[in-house]
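Coordinates as given in run-v4.pdb (PDB, C-alpha atoms):
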```
MODEL        1
ATOM      1  CA  LEU A   1       0.000   0.000   0.000  1.00  0.00           C
ATOM      2  CA  SER A   2       2.919   2.355   0.558  1.00  0.00           C
ATOM      3  CA  ASN A   3       3.633   2.440  -3.196  1.00  0.00           C
ATOM      4  CA  ILE A   4       0.042   3.430  -3.947  1.00  0.00           C
ATOM      5  CA  ALA A   5       0.154   6.099  -1.230  1.00  0.00           C
ATOM      6  CA  CYS A   6       3.284   7.534  -2.861  1.00  0.00           C
ATOM      7  CA  TYR A   7       1.695   7.528  -6.329  1.00  0.00           C
ATOM      8  CA  VAL A   8      -1.470   9.171  -4.993  1.00  0.00           C
ATOM      9  CA  GLU A   9       0.470  11.773  -3.022  1.00  0.00           C
ATOM     10  CA  ASN A  10       2.509  12.689  -6.106  1.00  0.00           C
ATOM     11  CA  ASN A  11      -0.433  12.396  -8.528  1.00  0.00           C
ATOM     12  CA  CYS A  12       1.489   9.849 -10.587  1.00  0.00           C
ATOM     13  CA  ASP A  13      -0.391   7.498 -12.903  1.00  0.00           C
ATOM     14  CA  PHE A  14       0.858   3.925 -12.560  1.00  0.00           C
ATOM     15  CA  VAL A  15       0.650   0.274 -13.559  1.00  0.00           C
ATOM     16  CA  MET A  16       1.003  -2.293 -10.789  1.00  0.00           C
ATOM     17  CA  GLY A  17       1.030  -6.066 -10.819  1.00  0.00           C
ATOM     18  CA  THR A  18       0.454  -7.351  -7.312  1.00  0.00           C
ATOM     19  CA  THR A  19      -1.080 -10.193  -5.327  1.00  0.00           C
ATOM     20  CA  GLY A  20      -1.616 -10.827  -1.669  1.00  0.00           C
ATOM     21  CA  VAL A  21      -2.731  -7.313  -0.774  1.00  0.00           C
ATOM     22  CA  ASP A  22      -5.820  -6.077   1.016  1.00  0.00           C
ATOM     23  CA  ALA A  23      -7.901  -5.143  -2.055  1.00  0.00           C
ATOM     24  CA  PRO A  24     -10.441  -2.925  -0.245  1.00  0.00           C
ATOM     25  CA  ALA A  25      -7.649  -1.004   1.513  1.00  0.00           C
ATOM     26  CA  MET A  26      -5.764  -0.671  -1.783  1.00  0.00           C
ATOM     27  CA  LYS A  27      -8.859   0.657  -3.552  1.00  0.00           C
ATOM     28  CA  LYS A  28      -9.599   3.089  -0.707  1.00  0.00           C
ATOM     29  CA  GLU A  29      -6.030   4.432  -0.824  1.00  0.00           C
ATOM     30  CA  PHE A  30      -6.209   4.810  -4.603  1.00  0.00           C
ATOM     31  CA  GLU A  31      -9.583   6.565  -4.511  1.00  0.00           C
ATOM     32  CA  SER A  32      -8.189   9.245  -2.214  1.00  0.00           C
ATOM     33  CA  GLY A  33      -6.248  10.611  -5.213  1.00  0.00           C
ATOM     34  CA  SER A  34      -7.035  11.735  -8.734  1.00  0.00           C
ATOM     35  CA  ASN A  35      -4.569   9.713 -10.789  1.00  0.00           C
ATOM     36  CA  TYR A  36      -5.167   6.794 -13.184  1.00  0.00           C
ATOM     37  CA  ALA A  37      -3.943   3.221 -12.747  1.00  0.00           C
ATOM     38  CA  VAL A  38      -3.993  -0.321 -14.031  1.00  0.00           C
ATOM     39  CA  ILE A  39      -3.745  -2.730 -11.115  1.00  0.00           C
ATOM     40  CA  ALA A  40      -3.888  -6.475 -11.711  1.00  0.00           C
ATOM     41  CA  PRO A  41      -2.759  -9.675 -10.014  1.00  0.00           C
ATOM     42  CA  ASN A  42      -1.390 -10.995 -13.314  1.00  0.00           C
ATOM     43  CA  MET A  43       0.065  -8.904 -16.132  1.00  0.00           C
ATOM     44  CA  ALA A  44       0.325 -11.769 -18.648  1.00  0.00           C
ATOM     45  CA  LYS A  45      -2.372 -10.941 -21.206  1.00  0.00           C
ATOM     46  CA  GLN A  46      -2.769 -14.497 -22.456  1.00  0.00           C
ATOM     47  CA  ILE A  47      -3.191 -15.904 -18.944  1.00  0.00           C
ATOM     48  CA  VAL A  48      -5.671 -13.135 -18.079  1.00  0.00           C
ATOM     49  CA  ALA A  49      -7.620 -13.978 -21.255  1.00  0.00           C
ATOM     50  CA  LEU A  50      -7.664 -17.657 -20.246  1.00  0.00           C
ATOM     51  CA  GLN A  51      -8.901 -16.760 -16.755  1.00  0.00           C
ATOM     52  CA  TYR A  52     -11.637 -14.598 -18.243  1.00  0.00           C
ATOM     53  CA  ALA A  53     -12.715 -17.373 -20.623  1.00  0.00           C
ATOM     54  CA  LEU A  54     -12.905 -19.872 -17.756  1.00  0.00           C
ATOM     55  CA  ASP A  55     -14.910 -17.371 -15.712  1.00  0.00           C
ATOM     56  CA  GLN A  56     -17.381 -16.959 -18.572  1.00  0.00           C
ATOM     57  CA  MET A  57     -17.566 -20.721 -19.098  1.00  0.00           C
ATOM     58  CA  SER A  58     -18.156 -21.412 -15.394  1.00  0.00           C
ATOM     59  CA  ASN A  59     -20.944 -18.828 -15.277  1.00  0.00           C
ATOM     60  CA  ARG A  60     -22.659 -20.145 -18.413  1.00  0.00           C
ATOM     61  CA  PHE A  61     -22.199 -23.853 -17.725  1.00  0.00           C
ATOM     62  CA  PRO A  62     -22.007 -24.357 -13.943  1.00  0.00           C
ATOM     63  CA  ASN A  63     -21.716 -27.973 -12.832  1.00  0.00           C
ATOM     64  CA  SER A  64     -20.940 -29.140 -16.372  1.00  0.00           C
ATOM     65  CA  TYR A  65     -18.095 -31.182 -14.859  1.00  0.00           C
ATOM     66  CA  LYS A  66     -20.138 -32.301 -11.853  1.00  0.00           C
ATOM     67  CA  ASN A  67     -18.474 -35.030  -9.813  1.00  0.00           C
ATOM     68  CA  TYR A  68     -15.183 -34.614 -11.662  1.00  0.00           C
ATOM     69  CA  LYS A  69     -12.250 -34.558  -9.257  1.00  0.00           C
ATOM     70  CA  LEU A  70      -9.999 -31.524  -9.478  1.00  0.00           C
ATOM     71  CA  LYS A  71      -6.242 -31.792  -9.033  1.00  0.00           C
ATOM     72  CA  VAL A  72      -3.995 -28.736  -9.255  1.00  0.00           C
ATOM     73  CA  THR A  73      -0.215 -28.603  -9.331  1.00  0.00           C
ATOM     74  CA  GLU A  74       1.822 -25.416  -9.665  1.00  0.00           C
ATOM     75  CA  SER A  75       5.538 -24.782  -9.711  1.00  0.00           C
ATOM     76  CA  HIS A  76       7.297 -21.469  -9.230  1.00  0.00           C
ATOM     77  CA  GLN A  77      10.841 -20.477  -8.380  1.00  0.00           C
ATOM     78  CA  SER A  78      11.831 -21.594  -4.878  1.00  0.00           C
ATOM     79  CA  SER A  79      11.794 -17.995  -3.597  1.00  0.00           C
ATOM     80  CA  LYS A  80       7.991 -17.829  -4.026  1.00  0.00           C
ATOM     81  CA  ALA A  81       6.541 -18.802  -0.670  1.00  0.00           C
ATOM     82  CA  ASP A  82       2.811 -18.372  -1.278  1.00  0.00           C
ATOM     83  CA  THR A  83       0.396 -20.272  -3.483  1.00  0.00           C
ATOM     84  CA  SER A  84       0.018 -18.895  -6.989  1.00  0.00           C
ATOM     85  CA  GLY A  85      -2.691 -16.238  -7.296  1.00  0.00           C
ATOM     86  CA  THR A  86      -3.300 -17.447 -10.838  1.00  0.00           C
ATOM     87  CA  ALA A  87      -3.896 -20.984  -9.578  1.00  0.00           C
ATOM     88  CA  LYS A  88      -6.309 -19.675  -6.937  1.00  0.00           C
ATOM     89  CA  ALA A  89      -8.248 -17.676  -9.542  1.00  0.00           C
ATOM     90  CA  ILE A  90      -8.497 -20.557 -12.009  1.00  0.00           C
ATOM     91  CA  VAL A  91      -9.517 -22.951  -9.228  1.00  0.00           C
ATOM     92  CA  SER A  92     -12.391 -20.611  -8.335  1.00  0.00           C
ATOM     93  CA  HIS A  93     -13.725 -21.040 -11.878  1.00  0.00           C
ATOM     94  CA  LEU A  94     -13.105 -24.778 -12.095  1.00  0.00           C
ATOM     95  CA  THR A  95     -14.955 -25.418  -8.830  1.00  0.00           C
ATOM     96  CA  LYS A  96     -18.028 -23.755 -10.341  1.00  0.00           C
ATOM     97  CA  LEU A  97     -17.711 -26.236 -13.203  1.00  0.00           C
ATOM     98  CA  ASN A  98     -17.385 -29.331 -11.030  1.00  0.00           C
ATOM     99  CA  GLY A  99     -19.654 -28.140  -8.209  1.00  0.00           C
ATOM    100  CA  GLU A 100     -17.189 -29.216  -5.545  1.00  0.00           C
ATOM    101  CA  SER A 101     -15.287 -27.336  -2.906  1.00  0.00           C
ATOM    102  CA  PHE A 102     -11.537 -27.185  -3.292  1.00  0.00           C
ATOM    103  CA  GLN A 103      -9.337 -25.559  -0.700  1.00  0.00           C
ATOM    104  CA  VAL A 104      -6.240 -23.529  -1.505  1.00  0.00           C
ATOM    105  CA  ASP A 105      -4.144 -25.873   0.636  1.00  0.00           C
ATOM    106  CA  GLU A 106      -5.096 -28.701  -1.746  1.00  0.00           C
ATOM    107  CA  ILE A 107      -3.050 -27.042  -4.508  1.00  0.00           C
ATOM    108  CA  GLU A 108       0.229 -28.907  -4.763  1.00  0.00           C
ATOM    109  CA  LYS A 109       3.077 -26.380  -4.665  1.00  0.00           C
ATOM    110  CA  ILE A 110       6.395 -27.480  -6.124  1.00  0.00           C
ATOM    111  CA  ARG A 111       9.349 -25.427  -4.929  1.00  0.00           C
ATOM    112  CA  THR A 112      12.396 -27.716  -4.913  1.00  0.00           C
ATOM    113  CA  PRO A 113      14.627 -27.813  -8.023  1.00  0.00           C
ATOM    114  CA  GLU A 114      14.574 -31.613  -8.228  1.00  0.00           C
ATOM    115  CA  ALA A 115      10.766 -31.761  -8.180  1.00  0.00           C
ATOM    116  CA  GLN A 116      10.516 -28.801 -10.570  1.00  0.00           C
ATOM    117  CA  ILE A 117      12.721 -30.512 -13.141  1.00  0.00           C
ATOM    118  CA  ALA A 118      10.671 -33.727 -12.739  1.00  0.00           C
ATOM    119  CA  PHE A 119       7.538 -31.601 -13.367  1.00  0.00           C
ATOM    120  CA  GLY A 120       9.048 -30.454 -16.685  1.00  0.00           C
ATOM    121  CA  VAL A 121      10.632 -27.128 -15.777  1.00  0.00           C
ATOM    122  CA  PRO A 122      13.832 -26.595 -17.800  1.00  0.00           C
ATOM    123  CA  SER A 123      16.860 -26.232 -15.548  1.00  0.00           C
ATOM    124  CA  ASP A 124      17.652 -22.804 -17.003  1.00  0.00           C
ATOM    125  CA  ALA A 125      14.188 -21.559 -15.918  1.00  0.00           C
ATOM    126  CA  LEU A 126      14.379 -22.647 -12.274  1.00  0.00           C
ATOM    127  CA  GLY A 127      15.030 -19.050 -11.161  1.00  0.00           C
ATOM    128  CA  GLY A 128      11.918 -17.690 -12.880  1.00  0.00           C
ATOM    129  CA  HIS A 129       8.999 -19.784 -14.054  1.00  0.00           C
ATOM    130  CA  ALA A 130       5.291 -20.442 -13.560  1.00  0.00           C
ATOM    131  CA  PHE A 131       4.074 -23.929 -14.487  1.00  0.00           C
ATOM    132  CA  HIS A 132       0.448 -24.856 -13.761  1.00  0.00           C
ATOM    133  CA  THR A 133      -1.535 -28.036 -14.445  1.00  0.00           C
ATOM    134  CA  TYR A 134      -5.241 -28.410 -13.683  1.00  0.00           C
ATOM    135  CA  SER A 135      -6.859 -31.826 -14.092  1.00  0.00           C
ATOM    136  CA  LEU A 136     -10.540 -32.757 -13.955  1.00  0.00           C
ATOM    137  CA  THR A 137     -11.153 -36.511 -13.840  1.00  0.00           C
ATOM    138  CA  SER A 138     -14.477 -38.358 -13.882  1.00  0.00           C
ATOM    139  CA  GLU A 139     -15.481 -40.458 -10.877  1.00  0.00           C
ATOM    140  CA  ASP A 140     -14.639 -43.724 -12.631  1.00  0.00           C
ATOM    141  CA  GLY A 141     -11.423 -42.353 -14.142  1.00  0.00           C
ATOM    142  CA  SER A 142     -12.526 -43.059 -17.707  1.00  0.00           C
ATOM    143  CA  VAL A 143     -12.551 -39.361 -18.726  1.00  0.00           C
ATOM    144  CA  SER A 144     -10.062 -36.649 -17.941  1.00  0.00           C
ATOM    145  CA  PHE A 145      -9.477 -33.062 -18.998  1.00  0.00           C
ATOM    146  CA  GLU A 146      -6.231 -31.227 -18.435  1.00  0.00           C
ATOM    147  CA  LEU A 147      -5.402 -27.568 -18.731  1.00  0.00           C
ATOM    148  CA  GLN A 148      -1.806 -26.450 -18.601  1.00  0.00           C
ATOM    149  CA  HIS A 149      -0.011 -23.138 -18.897  1.00  0.00           C
ATOM    150  CA  ASN A 150       3.728 -22.928 -18.512  1.00  0.00           C
ATOM    151  CA  VAL A 151       5.876 -19.816 -18.487  1.00  0.00           C
ATOM    152  CA  CYS A 152       9.664 -19.741 -18.525  1.00  0.00           C
ATOM    153  CA  GLY A 153      11.144 -16.385 -17.593  1.00  0.00           C
ATOM    154  CA  ARG A 154       9.372 -13.065 -17.140  1.00  0.00           C
ATOM    155  CA  ARG A 155       8.939 -11.760 -20.684  1.00  0.00           C
ATOM    156  CA  ILE A 156       5.182 -12.437 -20.883  1.00  0.00           C
ATOM    157  CA  TYR A 157       4.623 -10.282 -17.768  1.00  0.00           C
ATOM    158  CA  ALA A 158       6.845  -7.478 -19.064  1.00  0.00           C
ATOM    159  CA  GLU A 159       4.994  -7.429 -22.395  1.00  0.00           C
ATOM    160  CA  GLY A 160       1.645  -7.211 -20.612  1.00  0.00           C
ATOM    161  CA  THR A 161       2.939  -4.431 -18.387  1.00  0.00           C
ATOM    162  CA  ALA A 162       4.172  -2.471 -21.409  1.00  0.00           C
ATOM    163  CA  ASP A 163       0.748  -2.853 -23.047  1.00  0.00           C
ATOM    164  CA  ALA A 164      -0.922  -1.689 -19.822  1.00  0.00           C
ATOM    165  CA  VAL A 165       1.312   1.414 -19.807  1.00  0.00           C
ATOM    166  CA  MET A 166       0.344   2.221 -23.410  1.00  0.00           C
ATOM    167  CA  PHE A 167      -3.334   1.624 -22.594  1.00  0.00           C
ATOM    168  CA  LEU A 168      -3.162   3.886 -19.548  1.00  0.00           C
ATOM    169  CA  ASP A 169      -1.406   6.613 -21.517  1.00  0.00           C
ATOM    170  CA  SER A 170      -4.137   6.587 -24.172  1.00  0.00           C
ATOM    171  CA  ILE A 171      -6.962   6.484 -21.602  1.00  0.00           C
ATOM    172  CA  ARG A 172      -5.761   9.303 -19.373  1.00  0.00           C
ATOM    173  CA  ARG A 173      -5.553  11.729 -22.290  1.00  0.00           C
ATOM    174  CA  SER A 174      -9.362  11.717 -22.529  1.00  0.00           C
ATOM    175  CA  HIS A 175      -9.790  12.244 -18.749  1.00  0.00           C
ATOM    176  CA  PRO A 176     -12.532   9.648 -18.260  1.00  0.00           C
ATOM    177  CA  GLU A 177     -14.432   9.453 -15.000  1.00  0.00           C
ATOM    178  CA  LYS A 178     -13.249   5.880 -14.449  1.00  0.00           C
ATOM    179  CA  ARG A 179      -9.711   5.956 -13.071  1.00  0.00           C
ATOM    180  CA  LEU A 180      -8.954   2.389 -11.959  1.00  0.00           C
ATOM    181  CA  TYR A 181      -8.480  -0.319 -14.608  1.00  0.00           C
ATOM    182  CA  ASN A 182      -7.335  -3.941 -14.785  1.00  0.00           C
ATOM    183  CA  MET A 183      -5.900  -6.194 -17.470  1.00  0.00           C
ATOM    184  CA  ILE A 184      -9.369  -7.151 -18.744  1.00  0.00           C
ATOM    185  CA  ASP A 185      -9.819  -3.476 -19.610  1.00  0.00           C
ATOM    186  CA  VAL A 186      -6.488  -3.570 -21.468  1.00  0.00           C
ATOM    187  CA  LEU A 187      -7.572  -6.675 -23.409  1.00  0.00           C
ATOM    188  CA  GLU A 188     -11.015  -5.266 -24.220  1.00  0.00           C
ATOM    189  CA  ALA A 189      -9.387  -2.113 -25.602  1.00  0.00           C
ATOM    190  CA  GLY A 190      -7.369  -4.260 -27.974  1.00  0.00           C
ATOM    191  CA  GLY A 191      -4.137  -3.771 -26.056  1.00  0.00           C
ATOM    192  CA  MET A 192      -2.396  -6.843 -27.441  1.00  0.00           C
ATOM    193  CA  ASN A 193       0.854  -5.572 -28.952  1.00  0.00           C
TER     194      ASN A 193
ENDMDL
END
```
Here is the file; what I need is its structure written in the form of structure tokens.
Amino acid sequence: LSNIACYVENNCDFVMGTTGVDAPAMKKEFESGSNYAVIAPNMAKQIVALQYALDQMSNRFPNSYKNYKLKVTESHQSSKADTSGTAKAIVSHLTKLNGESFQVDEIEKIRTPEAQIAFGVPSDALGGHAFHTYSLTSEDGSVSFELQHNVCGRRIYAEGTADAVMFLDSIRRSHPEKRLYNMIDVLEAGGMN
């Protein structure tokens, strides 16, 4: 929150990718100013688009995977202590599809290099990666669906951040009433450079 307070105090427009913050407190701090911002938990446009598609699917077809067991495995660099925010978001959509509860602590987190390599992470990406696998399997095991997104390095996040900066620059020139945006707004504006 201290970064947002600084941006608000100095009336500086900004783009911020962040997870694990108190969203209501962050929004309250932001609203005390007059600047513009894009704030999102994930800056990777393609992953945000996937999350949005799963959200739409889960709202249109709830329980379409009823009684399918969900298994989630995610691997990030060993310095990441918390569970992936992306995994949490996608799980929230998948549980609408299978109609079952799934707790965050059920997400398997892989943080040791040996296990990461066994999971398919290239050794040169151990210091910066995000590998996720979501599996839905029927009760009798005869049908399974798997969704996977794997990122090596940080380029995808940097590209999304650059697009968010360009989006924010174009938006603020027209001085709209809305001041707080997210990556869905960037995608809807065609911000896919």
| How many Å separate atom CA of A:Gln51 from atom CA of A:Gly128? | 21.2 Å
| said: Residues within 7 Å of stretch 68-82 of chain A, please, as a count of residues only. Count all atoms listed in the file; anything in the same chain fewer than 2 positions from it doesn't count. | reply: 25
| message | With the PyMOL selection byres ((chain A and resi 38) around 6) as the selection, what would be picked from this file? Answer as a VMD selection string, please. | response | chain A and resid 15 37 39 181 to 182
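The space between atom CA of A:Cys12 and atom CA of A:Arg154 spans 25.1 Å.
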| query | Given the choices A:Pro62, A:Pro24, A:Pro113, A:Gly160, which gets closest to A:Ala40 if the distance is worked out from all atoms listed in the file? | reply | A:Gly160
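Every protein or nucleic acid residue with an atom no more than 9 Å from A:Asp13, counting all atoms listed in the file and leaving out same-chain residues fewer than 4 positions away, appears here: A:Tyr7, A:Val8, A:Ser34, A:Asn35, A:Tyr36, A:Ala37, A:Val38, A:Leu168, A:Asp169, A:Arg172.
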| Which residues fall under the PyMOL selection byres ((chain A and resi 50) around 12) in this file, as a list of chain:residue names? |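 Applied to this file, the PyMOL selection byres ((chain A and resi 50) around 12) returns A:Asn42, A:Ala44, A:Lys45, A:Gln46, A:Ile47, A:Val48, A:Ala49, A:Gln51, A:Tyr52, A:Ala53, A:Leu54, A:Asp55, A:Gln56, A:Met57, A:Thr86, A:Ala87, A:Ala89, A:Ile90, A:His93, A:Leu147, A:Gln148, A:His149, A:Met183, A:Ile184, A:Leu187.
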